[in-house]
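Trainee: The structure's right below; bear with me while I get my questions together.
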Amino acid sequence: YIILFLSRFSVIVDNFLKIPYPIIIELIYIIFIIIALMFMKKEKSCNYDKIKALLNIPIFWIIHTLIFGLVFINKSFSDLIFQNFLHQIIFQIIIIITCIYIIKFNMLKEFVILNFYLLSLMMMVHFILCIDEISFSNIKNIMSATKRTRAAFGFNNYNALGELCICSIFLWIYKKKFHNKKIDYIFIIISIVMLLCSASRSSFTGLILFLVVLIYYKIVHKLNNKSKIFVKLLVIILFGGLLVYFNSLDINMILKESQRNIIFETAIPVWISSGRLLIGLGYASNMSYGTNLTPYDIRWLDNGYAYILVSTGIIGSLIYALFIKKVFKGINQSNNKIIKAFLCTYMYISCFEVALFQSGIFINYIISIIMFTDIIINKQEEKK
């Protein structure tokens, strides 16, 4: 798994860490895990009911990939669609078999700890190598596309760095209840500094959302019914205040600055006029659309929901919505408030990145596994 982690990590950096042929490493990883599942002795508590419950979560996710990767193909760029299908289906297999392994050997805690330290160490290396990029002089302009200054710390995308920082903080909060070390605070400080210097607005506001929702869940859980009503009313008032604040902002200017107005001005109209409303333009990667490798001039689809809609149409969006519903239902039934809060953040970040359980996003290799496994483990604990 460490080799797989480093291989995927190397895709999002621009420095010395470049591991060739990541897809070959992914296939080798799949073979090794399958062999381990077949021949390693399982825990007594393991049963097939857990595996069935696990496979029930991503069923529509897999169906979506199979249908739009093999059936509803746009022949004008079928090679790009098949390439994306291959990456997505391999990604899904990795997620599922890793979840099965973790459930079988009861290793969710170890998985969280491993990923926290792997991610923290790699980020610390980049932080040290690019320490001259640190600048706090312009943090007050973090929400301005024209005035902010940004640091990448060796990563090839500012928002990818921001997502890593949020993921690191999430893993730290998640593991604190069963594994807490003083050195962790050094890693978290580094993550916060890198997040601020990256000036990633989606990640910065996503972190605030994560912490607010987490605090809300923790407070509400301890209150009686009358107090819960008061807190919920307070949240509604706060939310109303935020709406007033956002209403005072020039949303059109913000969309233009971030170039996400292109989605509404170009991509959506092209999809509507294409005659492929139901099945979409074609399930190619966002990079294929963004670099104009397809016949459609729609550029980057930096919105997970718009990407699914434009590339797989109304039918694809409905199938994907069924998958998201299953994830929401499973996590909503969970007692893990940290996972609940992070899911809200994840769905929010997907408004600005094609992060909605897609293979091209690094943190999905960590987050998807933790989410799916946590749902199953919490269900089993509730039954006990």
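Ordering of the structure tokens sets the chain letters (A, B, ...); residue numbers start at 1 within each chain; ligands are numbered from 1 in the order shown.
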I want to know what sits within 9 Å of stretch 321-324 of chain A, based on only C-alpha atoms, with residues of the same chain fewer than 4 positions away left out; could you give that as a list of chain:residue names?

Mentor: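 Counting only the stated atoms, we get A:Ile57, A:Pro58, A:Ile59, A:Phe60, A:Trp61, A:Gly316, A:Ser317, A:Phe328, A:Lys329.
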
Trainee: Quick one: everything within 7 Å of stretch 342-345 of chain A, counting only C-alpha atoms, minus sequence neighbours fewer than 6 positions away in the same chain. Send it as JSON, numbers by chain.

Mentor: {"A": [206, 209, 210]}

Trainee: Only N, CA, C and O atoms, please: the residues just picked out, written as a CSV table (one decimal), in the first residue's frame.

Mentor:
```
chain,number,residue,atom,x,y,z
A,206,GLY,N,-13.8,25.0,2.9
A,206,GLY,CA,-14.2,23.6,3.2
A,206,GLY,C,-13.7,23.2,4.6
A,206,GLY,O,-14.5,22.5,5.3
A,209,LEU,N,-16.1,24.8,7.1
A,209,LEU,CA,-17.3,24.0,7.0
A,209,LEU,C,-17.2,22.7,7.8
A,209,LEU,O,-18.1,22.4,8.6
A,210,PHE,N,-16.1,22.0,7.6
A,210,PHE,CA,-15.9,20.8,8.3
A,210,PHE,C,-15.9,21.0,9.8
A,210,PHE,O,-16.5,20.2,10.6
```

Trainee: Using only C-alpha atoms, which residues sit within 9 Å of A:Ile366 once same-chain residues fewer than 6 positions away are excluded, as a ChimeraX atom specification?

Mentor: /A:95,111-112,115,167

Trainee: Contacts of A:Thr373 at 9 Å or less, counting only C-alpha atoms, minus same-chain residues fewer than 3 places along, as a PyMOL selection string?

Mentor: chain A and resi 54+99-100+102-103+108+368-370+376-378

Trainee: May I have the residues within 8 Å of A:Ser76 as a PyMOL selection string, using only C-alpha atoms and disregarding those fewer than 2 positions away in the same chain?

Mentor: chain A and resi 74+78+294-295

Trainee: Go ahead and save the residues from that selection, with N, CA and C atoms, as a tab-separated table (two decimals), in the first residue's frame.

Mentor:
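Dumped everything to part.tsv:
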```tsv
chain	number	residue	atom	x	y	z
A	74	ASN	N	-19.32	7.60	-26.95
A	74	ASN	CA	-19.26	8.54	-28.06
A	74	ASN	C	-18.12	8.09	-28.97
A	78	SER	N	-13.80	7.50	-28.59
A	78	SER	CA	-13.97	6.26	-27.82
A	78	SER	C	-12.69	5.85	-27.10
A	294	THR	N	-11.22	16.33	-26.96
A	294	THR	CA	-12.52	15.87	-27.48
A	294	THR	C	-13.00	16.85	-28.57
A	295	PRO	N	-14.01	16.47	-29.34
A	295	PRO	CA	-14.55	17.38	-30.37
A	295	PRO	C	-15.30	18.57	-29.80
```

Trainee: Excluding A:Ile349 and its own-chain neighbours fewer than 6 positions away, which residues fall within 10 Å of it when counting only C-alpha atoms? Please give them as number ranges by chain.

Mentor: A: 159, 163, 201-207, 303-304, 343, 355-356

Trainee: Selected residues, N, CA, C and O atoms, written as an mmCIF file, in the first residue's frame, please.

Mentor:
```
data_model
loop_
_atom_site.group_PDB
_atom_site.id
_atom_site.type_symbol
_atom_site.label_atom_id
_atom_site.label_comp_id
_atom_site.auth_asym_id
_atom_site.auth_seq_id
_atom_site.Cartn_x
_atom_site.Cartn_y
_atom_site.Cartn_z
ATOM 1 N N ASN A 159 -5.101 23.767 -5.607
ATOM 2 C CA ASN A 159 -6.267 23.164 -4.952
ATOM 3 C C ASN A 159 -5.995 21.727 -4.517
ATOM 4 O O ASN A 159 -6.540 21.263 -3.514
ATOM 5 N N GLU A 163 -6.525 20.324 -0.766
ATOM 6 C CA GLU A 163 -7.261 19.094 -0.438
ATOM 7 C C GLU A 163 -6.424 18.164 0.436
ATOM 8 O O GLU A 163 -6.945 17.514 1.353
ATOM 9 N N ARG A 201 -9.293 28.710 -2.056
ATOM 10 C CA ARG A 201 -10.527 29.173 -1.427
ATOM 11 C C ARG A 201 -11.489 28.025 -1.118
ATOM 12 O O ARG A 201 -12.130 28.017 -0.066
ATOM 13 N N SER A 202 -11.576 27.054 -2.015
ATOM 14 C CA SER A 202 -12.481 25.923 -1.790
ATOM 15 C C SER A 202 -12.035 25.095 -0.593
ATOM 16 O O SER A 202 -12.858 24.661 0.221
ATOM 17 N N SER A 203 -10.721 24.889 -0.448
ATOM 18 C CA SER A 203 -10.201 24.102 0.667
ATOM 19 C C SER A 203 -10.284 24.867 1.984
ATOM 20 O O SER A 203 -10.609 24.298 3.025
ATOM 21 N N PHE A 204 -9.996 26.168 1.936
ATOM 22 C CA PHE A 204 -10.046 26.996 3.140
ATOM 23 C C PHE A 204 -11.467 27.067 3.694
ATOM 24 O O PHE A 204 -11.697 26.841 4.888
ATOM 25 N N THR A 205 -12.426 27.372 2.837
ATOM 26 C CA THR A 205 -13.830 27.410 3.279
ATOM 27 C C THR A 205 -14.336 26.008 3.612
ATOM 28 O O THR A 205 -15.181 25.841 4.490
ATOM 29 N N GLY A 206 -13.804 24.990 2.905
ATOM 30 C CA GLY A 206 -14.175 23.605 3.206
ATOM 31 C C GLY A 206 -13.737 23.188 4.597
ATOM 32 O O GLY A 206 -14.468 22.486 5.299
ATOM 33 N N LEU A 207 -12.549 23.631 5.006
ATOM 34 C CA LEU A 207 -12.056 23.327 6.352
ATOM 35 C C LEU A 207 -12.936 23.987 7.409
ATOM 36 O O LEU A 207 -13.274 23.365 8.427
ATOM 37 N N ASN A 303 -16.173 21.099 -11.649
ATOM 38 C CA ASN A 303 -17.333 20.929 -10.777
ATOM 39 C C ASN A 303 -17.762 19.486 -10.914
ATOM 40 O O ASN A 303 -18.148 19.044 -12.003
ATOM 41 N N GLY A 304 -17.684 18.726 -9.822
ATOM 42 C CA GLY A 304 -17.964 17.296 -9.874
ATOM 43 C C GLY A 304 -19.350 16.964 -10.380
ATOM 44 O O GLY A 304 -19.550 15.995 -11.126
ATOM 45 N N LEU A 343 -18.045 14.311 5.186
ATOM 46 C CA LEU A 343 -18.834 14.058 3.983
ATOM 47 C C LEU A 343 -19.446 15.365 3.469
ATOM 48 O O LEU A 343 -19.460 15.616 2.259
ATOM 49 N N ALA A 355 -14.074 15.977 -7.891
ATOM 50 C CA ALA A 355 -13.576 15.125 -6.804
ATOM 51 C C ALA A 355 -14.570 14.065 -6.373
ATOM 52 O O ALA A 355 -14.311 13.301 -5.466
ATOM 53 N N LEU A 356 -15.710 14.006 -7.021
ATOM 54 C CA LEU A 356 -16.814 13.168 -6.562
ATOM 55 C C LEU A 356 -16.549 11.688 -6.833
ATOM 56 O O LEU A 356 -17.094 11.100 -7.757
#
```

Trainee: Between atom CA of A:Ser200 and atom CA of A:Arg148, what distance in Å does the model show, to one decimal?

Mentor: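 Result for atom CA of A:Ser200 versus atom CA of A:Arg148: 9.9 Å, one decimal.
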
Trainee: When DSSP is applied to the backbone of this structure, which of stretch 151-225 of chain A are assigned helix (DSSP H, G or I)? Write them out as a PyMOL selection string.

Mentor: chain A and resi 158-175+184-198+201-222+225
